[in-house]
$ cat final32.cif   # mmCIF, C-alpha atoms
data_input
loop_
_atom_site.label_atom_id
_atom_site.label_comp_id
_atom_site.auth_asym_id
_atom_site.auth_seq_id
_atom_site.Cartn_x
_atom_site.Cartn_y
_atom_site.Cartn_z
CA MET A 150 16.85 57.16 18.91
CA TYR A 151 17.18 55.37 22.17
CA TYR A 152 20.54 54.68 23.76
CA LEU A 153 19.88 50.95 23.42
CA GLN A 154 19.40 51.41 19.68
CA ILE A 155 22.68 53.30 19.35
CA PHE A 156 24.43 50.76 21.53
CA SER A 157 23.22 47.76 19.52
CA ILE A 158 24.03 49.44 16.19
CA ILE A 159 27.58 50.14 17.34
CA GLY A 160 27.84 46.64 18.83
CA SER A 161 26.70 44.86 15.69
CA LEU A 162 28.91 47.05 13.50
CA ALA A 163 31.89 46.24 15.72
CA LEU A 164 31.09 42.51 15.56
CA PHE A 165 30.86 42.68 11.77
CA ALA A 166 34.16 44.55 11.53
CA ILE A 167 35.96 42.20 13.90
CA VAL A 168 34.76 39.10 12.03
CA ILE A 169 35.82 40.59 8.67
CA ASP A 170 39.20 41.53 10.14
CA PHE A 171 39.69 38.02 11.55
CA ILE A 172 38.94 36.51 8.14
CA ARG A 173 41.34 38.98 6.52
CA ARG A 174 44.11 38.05 8.96
CA GLY A 175 43.46 34.34 8.54
CA LEU A 176 42.33 33.83 12.14
CA LEU A 177 38.89 32.69 11.07
CA LYS A 178 37.89 30.44 8.19
CA GLU A 179 35.14 31.81 5.94
CA LYS A 180 32.94 28.78 6.50
CA TYR A 181 32.94 29.36 10.26
CA SER A 182 32.19 33.06 9.91
CA VAL A 183 28.83 32.87 8.12
CA LEU A 184 26.74 32.59 11.29
CA TRP A 185 28.68 35.39 12.98
CA LEU A 186 28.19 37.76 10.04
CA ALA A 187 24.52 36.81 9.75
CA SER A 188 23.93 37.58 13.43
CA ALA A 189 25.64 40.97 13.09
CA VAL A 190 23.56 41.85 10.00
CA VAL A 191 20.24 40.76 11.52
CA ILE A 192 20.85 42.59 14.81
CA MET A 193 21.95 45.67 12.88
CA ALA A 194 18.79 45.61 10.73
CA LEU A 195 16.55 45.25 13.78
CA SER A 196 18.39 48.10 15.54
CA VAL A 197 18.26 50.54 12.63
CA LYS A 198 14.67 49.86 11.56
CA LYS A 199 12.75 50.40 14.77
CA GLU A 200 9.41 49.78 13.00
CA LEU A 201 10.63 46.35 11.94
CA LEU A 202 11.62 45.50 15.51
CA ASP A 203 8.29 46.76 16.86
CA SER A 204 6.15 44.91 14.31
CA ILE A 205 7.98 41.55 14.78
CA ALA A 206 7.82 41.97 18.56
CA GLY A 207 4.10 42.77 18.32
CA TRP A 208 3.49 39.78 16.09
CA LEU A 209 5.34 37.51 18.57
CA GLY A 210 3.52 39.10 21.54
CA ILE A 211 6.68 40.56 23.08
CA ALA A 212 5.56 43.52 25.25
CA TYR A 213 8.95 45.22 25.35
CA PRO A 214 10.34 45.24 21.75
CA PRO A 215 14.06 45.70 22.59
CA SER A 216 14.04 42.31 24.35
CA LEU A 217 13.53 40.83 20.88
CA LEU A 218 17.16 41.87 20.24
CA PHE A 219 18.27 39.66 23.12
CA LEU A 220 16.14 36.78 21.85
CA VAL A 221 17.65 37.07 18.36
CA ALA A 222 21.18 37.30 19.76
CA PHE A 223 20.53 34.29 22.00
CA ILE A 224 19.23 32.20 19.09
CA PHE A 225 22.32 33.02 17.06
CA VAL A 226 24.60 32.07 19.97
CA LEU A 227 22.76 28.74 20.26
CA LEU A 228 23.14 28.09 16.54
CA ILE A 229 26.82 28.99 16.64
CA THR A 230 27.55 26.65 19.57
CA LEU A 231 25.58 23.85 17.94
CA HIS A 232 27.56 24.40 14.76
CA PHE A 233 30.79 24.17 16.77
CA SER A 234 29.66 20.92 18.40
CA VAL A 235 29.12 19.43 14.96
CA VAL A 236 32.49 20.70 13.76
CA ILE A 237 34.23 19.28 16.86
CA SER A 238 32.56 15.90 16.33
CA LEU A 239 33.73 15.78 12.72
CA LEU A 240 37.24 16.83 13.76
CA HIS A 241 37.22 14.11 16.43
CA GLU A 242 36.46 11.45 13.80
CA LYS A 243 39.14 12.75 11.44
CA ASN A 244 41.68 13.06 14.22
CA LYS A 245 40.98 9.49 15.34
CA ALA A 246 41.38 8.20 11.79
CA ILE A 247 44.75 9.95 11.46
CA ALA A 248 46.03 8.61 14.79
CA GLN A 249 44.95 5.07 13.87
CA GLU A 250 46.56 5.37 10.46
CA LEU A 251 49.76 6.53 12.13
CA ALA A 252 49.79 3.53 14.46
CA LEU A 253 49.30 1.17 11.50
CA MET A 254 51.92 2.94 9.37
CA LYS A 255 54.57 2.98 12.08
CA ASN A 256 54.10 -0.76 12.43
CA ALA A 257 54.30 -1.27 8.66
CA LEU A 258 57.55 0.71 8.58
CA LYS A 259 58.94 -1.30 11.47
CA GLU A 260 58.10 -4.54 9.66
CA ALA A 261 59.89 -3.15 6.60
CA GLY A 262 62.96 -2.68 8.79
CA ILE A 263 62.61 1.05 9.25
CA ASP A 264 62.38 2.01 12.89
CA VAL A 265 60.83 5.39 13.41
CA PRO A 266 62.70 7.01 16.28
CA GLY A 267 60.76 8.26 19.25
CA LYS A 268 59.46 6.52 22.29
CA ALA A 269 56.25 4.56 22.21
CA ARG A 270 54.84 5.35 25.59
CA GLY A 271 52.51 8.28 26.15
CA GLU A 272 54.03 10.36 23.38
CA VAL A 273 51.48 13.10 23.55
CA LYS A 274 50.07 14.30 26.84
CA LYS A 275 46.30 14.28 26.96
CA MET L 179 42.04 -29.90 10.45
CA LYS L 180 39.70 -27.27 9.07
CA GLU L 181 40.74 -24.63 11.57
CA LEU L 182 44.27 -24.54 10.19
CA LYS L 183 43.08 -22.87 6.98
CA VAL L 184 41.53 -20.02 8.91
CA ARG L 185 43.70 -16.95 9.31
CA LEU L 186 43.17 -15.95 12.90
CA LEU L 187 44.13 -12.70 14.61
CA VAL L 188 43.85 -12.05 18.32
CA ILE L 189 43.39 -8.37 19.12
CA ILE L 190 44.38 -7.28 22.62
CA PRO L 191 43.56 -3.70 23.63
CA ALA L 192 45.84 -2.49 26.42
CA PHE L 193 46.18 0.67 28.46
CA ASN L 194 48.76 0.64 31.25
CA GLU L 195 48.77 -3.15 31.51
CA GLU L 196 52.52 -3.81 31.84
CA ALA L 197 51.89 -6.19 34.76
CA ALA L 198 49.38 -8.41 32.96
CA ILE L 199 50.01 -8.05 29.23
CA GLY L 200 53.02 -10.39 29.08
CA GLY L 201 51.01 -13.20 30.68
CA VAL L 202 48.03 -12.58 28.40
CA VAL L 203 50.16 -12.76 25.23
CA ALA L 204 51.96 -15.89 26.48
CA SER L 205 48.66 -17.52 27.36
CA VAL L 206 47.20 -16.80 23.90
CA ARG L 207 50.35 -18.20 22.23
CA ARG L 208 50.08 -21.34 24.34
CA HIS L 209 46.36 -21.96 23.79
CA ALA L 210 46.05 -20.71 20.21
CA PRO L 211 49.48 -21.01 18.58
CA GLU L 212 47.91 -20.72 15.11
CA ALA L 213 46.86 -17.13 15.87
CA ASP L 214 48.73 -13.94 15.11
CA ILE L 215 48.59 -11.52 18.01
CA VAL L 216 48.31 -7.76 17.84
CA VAL L 217 48.40 -5.64 20.98
CA VAL L 218 46.93 -2.18 20.51
CA ASN L 219 48.63 0.04 23.06
CA ASP L 220 46.33 2.98 23.74
CA GLY L 221 48.94 5.53 24.76
CA SER L 222 50.09 3.73 27.91
CA ALA L 223 52.43 5.62 30.21
CA ASP L 224 54.12 2.39 31.35
CA ALA L 225 56.09 -0.35 29.59
CA THR L 226 53.03 -2.06 28.04
CA ALA L 227 54.42 -1.77 24.48
CA ASP L 228 57.86 -3.16 25.37
CA VAL L 229 56.47 -6.05 27.41
CA ALA L 230 53.95 -6.99 24.70
CA GLY L 231 56.61 -6.79 22.00
CA ARG L 232 59.03 -8.96 23.95
CA ALA L 233 56.25 -11.50 24.56
CA GLY L 234 55.99 -11.90 20.78
CA ALA L 235 53.04 -9.74 19.79
CA THR L 236 52.83 -7.16 17.03
CA VAL L 237 52.34 -3.84 18.79
CA LEU L 238 50.37 -0.91 17.42
CA ASN L 239 50.97 2.24 19.44
CA HIS L 240 48.43 5.01 19.68
CA LEU L 241 50.09 8.39 19.96
CA TYR L 242 47.77 9.29 22.82
CA ASN L 243 44.94 7.72 24.78
CA MET L 244 41.82 7.46 22.62
CA GLY L 245 39.60 5.09 24.55
CA ILE L 246 38.56 1.47 24.11
CA GLY L 247 36.40 2.07 21.02
CA ALA L 248 39.16 3.65 18.94
CA THR L 249 41.62 1.06 20.27
CA MET L 250 39.56 -1.92 19.16
CA GLN L 251 38.92 -0.25 15.81
CA THR L 252 42.66 0.12 15.19
CA GLY L 253 42.89 -3.64 15.74
CA TYR L 254 40.05 -4.28 13.31
CA LYS L 255 41.61 -2.00 10.71
CA TYR L 256 44.81 -4.02 11.00
CA ALA L 257 42.81 -7.26 10.67
CA SER L 258 40.83 -6.00 7.69
CA ARG L 259 43.85 -4.76 5.74
CA ALA L 260 45.88 -7.89 6.41
CA GLY L 261 42.91 -10.00 5.27
CA TYR L 262 42.30 -12.07 8.38
CA ASP L 263 39.28 -14.38 8.35
CA VAL L 264 38.57 -14.21 12.07
CA ALA L 265 39.50 -11.71 14.77
CA VAL L 266 39.16 -12.49 18.46
CA GLN L 267 39.11 -9.70 21.06
CA VAL L 268 40.84 -10.56 24.32
CA ASP L 269 41.21 -8.03 27.13
CA GLY L 270 44.72 -7.02 28.13
CA ASP L 271 44.11 -7.47 31.85
CA GLY L 272 44.01 -11.25 31.85
CA GLN L 273 40.36 -11.85 32.73
CA HIS L 274 39.54 -13.64 29.48
CA PRO L 275 40.41 -17.34 29.19
CA ALA L 276 42.74 -17.91 26.22
CA GLU L 277 41.82 -21.61 26.32
CA SER L 278 38.33 -20.62 25.06
CA ILE L 279 39.59 -18.79 21.95
CA ARG L 280 39.34 -21.91 19.78
CA PHE L 281 35.85 -22.55 21.14
CA LEU L 282 34.72 -19.06 20.07
CA VAL L 283 36.35 -19.44 16.64
CA GLY L 284 34.94 -22.95 16.21
CA THR L 285 31.42 -21.74 17.02
CA LEU L 286 31.82 -18.85 14.58
CA MET L 287 32.94 -21.12 11.72
CA LYS L 288 30.45 -23.91 12.41
CA ASN L 289 27.45 -21.58 12.53
CA ARG L 290 28.75 -19.21 9.85
CA ALA L 291 27.98 -16.44 12.31
CA ASP L 292 29.29 -12.90 12.09
CA LEU L 293 29.97 -12.45 15.80
CA VAL L 294 30.32 -14.84 18.73
CA VAL L 295 30.20 -13.35 22.23
CA GLY L 296 31.69 -15.17 25.22
CA SER L 297 29.27 -14.82 28.14
CA ARG L 298 30.10 -14.95 31.83
CA PHE L 299 26.49 -15.68 32.71
CA LEU L 300 25.50 -18.53 30.40
CA GLY L 301 27.62 -21.26 31.90
CA GLU L 302 28.56 -22.50 35.30
CA GLY L 303 31.18 -19.77 35.88
CA ASP L 304 31.71 -18.27 39.30
CA TYR L 305 31.73 -14.66 38.13
CA LYS L 306 30.06 -12.59 40.85
CA PRO L 307 29.70 -8.89 40.08
CA SER L 308 28.52 -6.42 42.72
CA LEU L 309 24.77 -5.93 43.14
CA ALA L 310 24.81 -2.59 41.31
CA ARG L 311 26.75 -4.03 38.38
CA SER L 312 24.75 -7.24 38.10
CA THR L 313 21.51 -5.23 38.11
CA GLY L 314 22.85 -2.96 35.38
CA MET L 315 24.08 -5.90 33.32
CA ALA L 316 20.70 -7.64 33.68
CA ILE L 317 18.92 -4.51 32.44
CA PHE L 318 21.30 -4.15 29.46
CA SER L 319 20.70 -7.80 28.67
CA LYS L 320 16.90 -7.36 28.70
CA VAL L 321 16.98 -4.18 26.63
CA VAL L 322 19.56 -5.35 24.08
CA SER L 323 17.97 -8.78 23.71
CA ALA L 324 14.59 -7.14 23.04
CA VAL L 325 16.12 -4.71 20.56
CA ILE L 326 18.21 -7.16 18.55
CA LYS L 327 15.82 -10.11 18.97
CA VAL L 328 18.66 -12.44 20.02
CA LYS L 329 19.14 -13.35 23.66
CA VAL L 330 22.42 -11.89 24.89
CA THR L 331 23.11 -12.37 28.60
CA ASP L 332 26.49 -10.62 28.74
CA THR L 333 26.28 -7.50 26.60
CA THR L 334 29.40 -5.89 28.07
CA SER L 335 31.64 -8.87 27.39
CA GLY L 336 34.76 -7.86 25.47
CA PHE L 337 35.65 -11.49 24.72
CA ARG L 338 34.30 -12.08 21.25
CA ALA L 339 35.13 -13.49 17.83
CA ALA L 340 34.31 -11.62 14.63
CA GLY L 341 34.08 -13.04 11.12
CA LYS L 342 35.34 -11.40 7.94
CA ARG L 343 32.18 -9.37 7.22
CA CYS L 344 32.16 -8.14 10.78
CA ILE L 345 35.88 -7.25 10.70
CA ASP L 346 35.37 -5.13 7.60
CA PHE L 347 32.34 -3.40 9.09
CA PHE L 348 34.11 -2.69 12.39
CA SER L 349 37.16 -1.32 10.60
CA SER L 350 34.99 1.33 8.99
CA ARG L 351 32.53 1.83 11.81
CA TYR L 352 33.09 1.16 15.50
CA PRO L 353 31.36 2.95 18.38
CA ASP L 354 33.49 5.17 20.61
CA ASP L 355 31.74 5.27 23.92
CA TYR L 356 30.34 1.89 24.98
CA PRO L 357 31.50 -0.28 22.09
CA GLU L 358 30.64 -3.73 23.47
CA VAL L 359 26.95 -2.97 23.95
CA GLU L 360 26.59 -0.54 21.08
CA SER L 361 28.29 -2.73 18.49
CA LEU L 362 25.64 -5.41 19.07
CA VAL L 363 22.92 -2.92 18.11
CA LEU L 364 24.82 -1.73 15.03
CA LEU L 365 25.50 -5.31 13.88
CA HIS L 366 21.82 -6.14 14.29
CA LYS L 367 20.84 -3.12 12.22
CA LYS L 368 23.31 -4.31 9.60
CA GLY L 369 21.56 -7.70 9.58
CA PHE L 370 24.58 -9.63 10.91
CA SER L 371 24.15 -12.76 13.00
CA ILE L 372 25.21 -12.85 16.65
CA ILE L 373 25.66 -15.96 18.82
CA GLU L 374 26.46 -16.16 22.51
CA VAL L 375 28.40 -18.99 24.12
CA PRO L 376 29.31 -19.66 27.76
CA VAL L 377 32.87 -19.00 28.95
CA THR L 378 34.41 -18.92 32.39
CA MET L 379 36.25 -15.73 33.21
CA SER L 380 38.67 -15.19 36.02
CA GLU L 381 39.00 -12.11 38.18
CA ARG L 382 41.10 -9.51 36.42
CA ALA L 383 44.80 -10.11 36.97
CA SER L 384 45.61 -6.46 37.48
CA GLY L 385 44.25 -2.98 37.04
CA ARG L 386 40.73 -1.81 37.73
CA SER L 387 37.60 -2.00 35.65
CA SER L 388 36.90 1.17 33.75
CA ILE L 389 33.51 1.06 35.49
CA THR L 390 33.53 1.54 39.25
CA PRO L 391 30.43 0.40 41.20
CA VAL L 392 29.72 3.95 42.37
CA LYS L 393 29.39 5.17 38.82
CA SER L 394 27.35 2.27 37.55
CA VAL L 395 23.94 3.94 37.74
CA TYR L 396 25.17 6.95 35.79
CA TYR L 397 26.94 4.58 33.41
CA MET L 398 23.75 2.59 32.96
CA VAL L 399 21.68 5.60 32.00
CA LYS L 400 24.32 6.70 29.49
CA VAL L 401 24.55 3.27 27.89
CA LEU L 402 20.77 2.95 27.61
CA LEU L 403 20.67 6.36 25.93
CA ALA L 404 23.47 5.29 23.58
CA ILE L 405 21.53 2.14 22.66
CA PHE L 406 18.47 4.15 21.65
CA VAL L 407 20.54 6.69 19.76
CA ASP L 408 22.23 3.82 17.91
CA LEU L 409 18.81 2.60 16.86
CA LEU L 410 18.29 5.92 15.07
CA LYS L 411 21.66 5.85 13.30
CA ARG L 412 22.14 5.04 9.65
CA VAL L 413 24.39 2.06 9.11
#
$ encode --input "final32.cif" --output "structure tokens"
Amino acid sequence: MYYLQIFSIIGSLALFAIVIDFIRRGLLKEKYSVLWLASAVVIMALSVKKELLDSIAGWLGIAYPPSLLFLVAFIFVLLITLHFSVVISLLHEKNKAIAQELALMKNALKEAGIDVPGKARGEVKK
Amino acid sequence: MKELKVRLLVIIPAFNEEAAIGGVVASVRRHAPEADIVVVNDGSADATADVAGRAGATVLNHLYNMGIGATMQTGYKYASRAGYDVAVQVDGDGQHPAESIRFLVGTLMKNRADLVVGSRFLGEGDYKPSLARSTGMAIFSKVVSAVIKVKVTDTTSGFRAAGKRCIDFFSSRYPDDYPEVESLVLLHKKGFSIIEVPVTMSERASGRSSITPVKSVYYMVKVLLAIFVDLLKRV
């Protein structure tokens, strides 16, 4: 056992535990946790099974096998950020639709003689 | 008169235009009294909404600033739901000539077109943009004209009339970032017809363009990218 191996096993276990705990406490939605859990499991597997790490590294032509751990972690981080960008874009569209609907509905209410209190100018700071 | 049967809506996007918006609404009422007017106030921090309302327009207030694309789309959603036949976009800063609204609408009806764009460059107008901007606009014109196979000289013009099909499409799908240029590409992909007519525009009555000359090169690159991305989009 190398120290790096012990370190990455503990690290991936901690990540797994934290993600599970966040889901349990409602801080993280299940559908946004899949990539996090997958990265913890894959890094854990590569850390525990040194032969697996060595053979994949050899196959890829990586001279120093532990750097494969960094590569795998980096790829997961890229996937997670890309996933977030997609989620943010979808949220942006939904948020826009709600705000537009609100503008139209407030006007409809006003035309029906119901004035929604609250000032019109810059109601929410950017 | 045939025009009288057409239900016409003028959509005016406005962000912090309290100085100009009253004049714009009054000018539209004078030159196109048959039109209903909706001002979409994009989260202005000034009295834009009050001034527009007092001038006689219907005002739709965004809760916060969402940009020109979302602002125009709110107007188109209003037009689509209220069943208007034609919607004309007029900028809130007073640079678009209200006296040309009927000309745009007339051209739209006569040619059964989906979109009519008012161009600063087709006619005899005295619009003189800076060198950087005119170069950028010329490049957009070349690229967009080649892409959509219709010659458009003023791709960034926000003075345009949209027919019913176009209103419905825009209410469900309107680009966020550079809507004037991008919407032309989307409409072309949709198979809609686009016509350009000459109009004379005045210098903006107040406020600054959202595009400063210094940023125009950066702006140009981004718009060109957006055009090519739009070509890949499903419509």
$ residues_around --input "final32.cif" --residues "region 233-242 of chain A" --least-positions-apart "5" --cutoff "10 Å" --atoms "all atoms listed in the file" --output "PDB file with C-alpha atoms, in the frame of the given file"
ATOM      1  CA  TYR A 181      32.940  29.360  10.260  1.00  0.00           C
ATOM      2  CA  LEU A 227      22.760  28.740  20.260  1.00  0.00           C
ATOM      3  CA  LEU A 228      23.140  28.090  16.540  1.00  0.00           C
ATOM      4  CA  ILE A 247      44.750   9.950  11.460  1.00  0.00           C
TER       5      ILE A 247
ATOM      6  CA  ALA L 248      39.160   3.650  18.940  1.00  0.00           C
ATOM      7  CA  ASP L 354      33.490   5.170  20.610  1.00  0.00           C
TER       8      ASP L 354
END
$ interface_residues --input "final32.cif" --of "chain L" --to "chain A" --cutoff "9 Å" --atoms "only C-alpha atoms" --output "PyMOL selection string"
chain L and resi 218-228+236-244+248-249+251-252+255-256
$ resolve_selection --input "final32.cif" --expression "the PyMOL selection byres ((chain A and resi 192) around 8)" --output "list in words"
Ser157, Ile158, Ser161, Ser188, Ala189, Val190, Val191, Met193, Ala194, Leu195, Ser196, Leu218, Val221 and Ala222 of chain A
$ axis_aligned_box --input "final32.cif" --around "region 225-242 of chain A" --padding-each-side "3 Å" --output "AutoDock Vina command-line options"
--center_x 29.8 --center_y 22.2 --center_z 16.5 --size_x 20.9 --size_y 27.6 --size_z 13.5
$ closest_residue --input "final32.cif" --among "L:Met250, L:Ala260, L:Ala340, L:Val266" --to "Asp292 (chain L)" --atoms "only C-alpha atoms"
L:Ala340
$ resolve_selection --input "final32.cif" --expression "the PyMOL selection byres ((chain L and resi 373) around 10)" --output "VMD selection string"
chain L and resid 282 285 to 286 289 291 to 296 328 to 330 338 to 339 371 to 372 374 to 375
$ atom_distance --input "final32.cif" --atom1 "CA of Ser319 (chain L)" --atom2 "CA of Val206 (chain L)"
28.4 Å
$ residues_near_point --input "final32.cif" --point "(38.2, -14.5, 17.0)" --cutoff "12 Å" --atoms "only C-alpha atoms" --output "PyMOL selection string"
chain L and resi 181+184-190+206+210+212-215+253-254+257+262-268+276+278-287+291-296+336-342+344-345
$ atom_distance --input "final32.cif" --atom1 "CA of Ala404 (chain L)" --atom2 "CA of Val359 (chain L)"
9.0 Å
$ residues_around --input "final32.cif" --residues "Phe171 (chain A)" --least-positions-apart "5" --cutoff "12 Å" --atoms "all atoms listed in the file" --output "PDB file with C-alpha atoms, in the coordinates of the input"
ATOM      1  CA  LEU A 164      31.090  42.510  15.560  1.00  0.00           C
ATOM      2  CA  PHE A 165      30.860  42.680  11.770  1.00  0.00           C
ATOM      3  CA  ALA A 166      34.160  44.550  11.530  1.00  0.00           C
ATOM      4  CA  LEU A 176      42.330  33.830  12.140  1.00  0.00           C
ATOM      5  CA  LEU A 177      38.890  32.690  11.070  1.00  0.00           C
ATOM      6  CA  LYS A 178      37.890  30.440   8.190  1.00  0.00           C
ATOM      7  CA  GLU A 179      35.140  31.810   5.940  1.00  0.00           C
ATOM      8  CA  TYR A 181      32.940  29.360  10.260  1.00  0.00           C
ATOM      9  CA  SER A 182      32.190  33.060   9.910  1.00  0.00           C
ATOM     10  CA  TRP A 185      28.680  35.390  12.980  1.00  0.00           C
ATOM     11  CA  LEU A 186      28.190  37.760  10.040  1.00  0.00           C
TER      12      LEU A 186
END
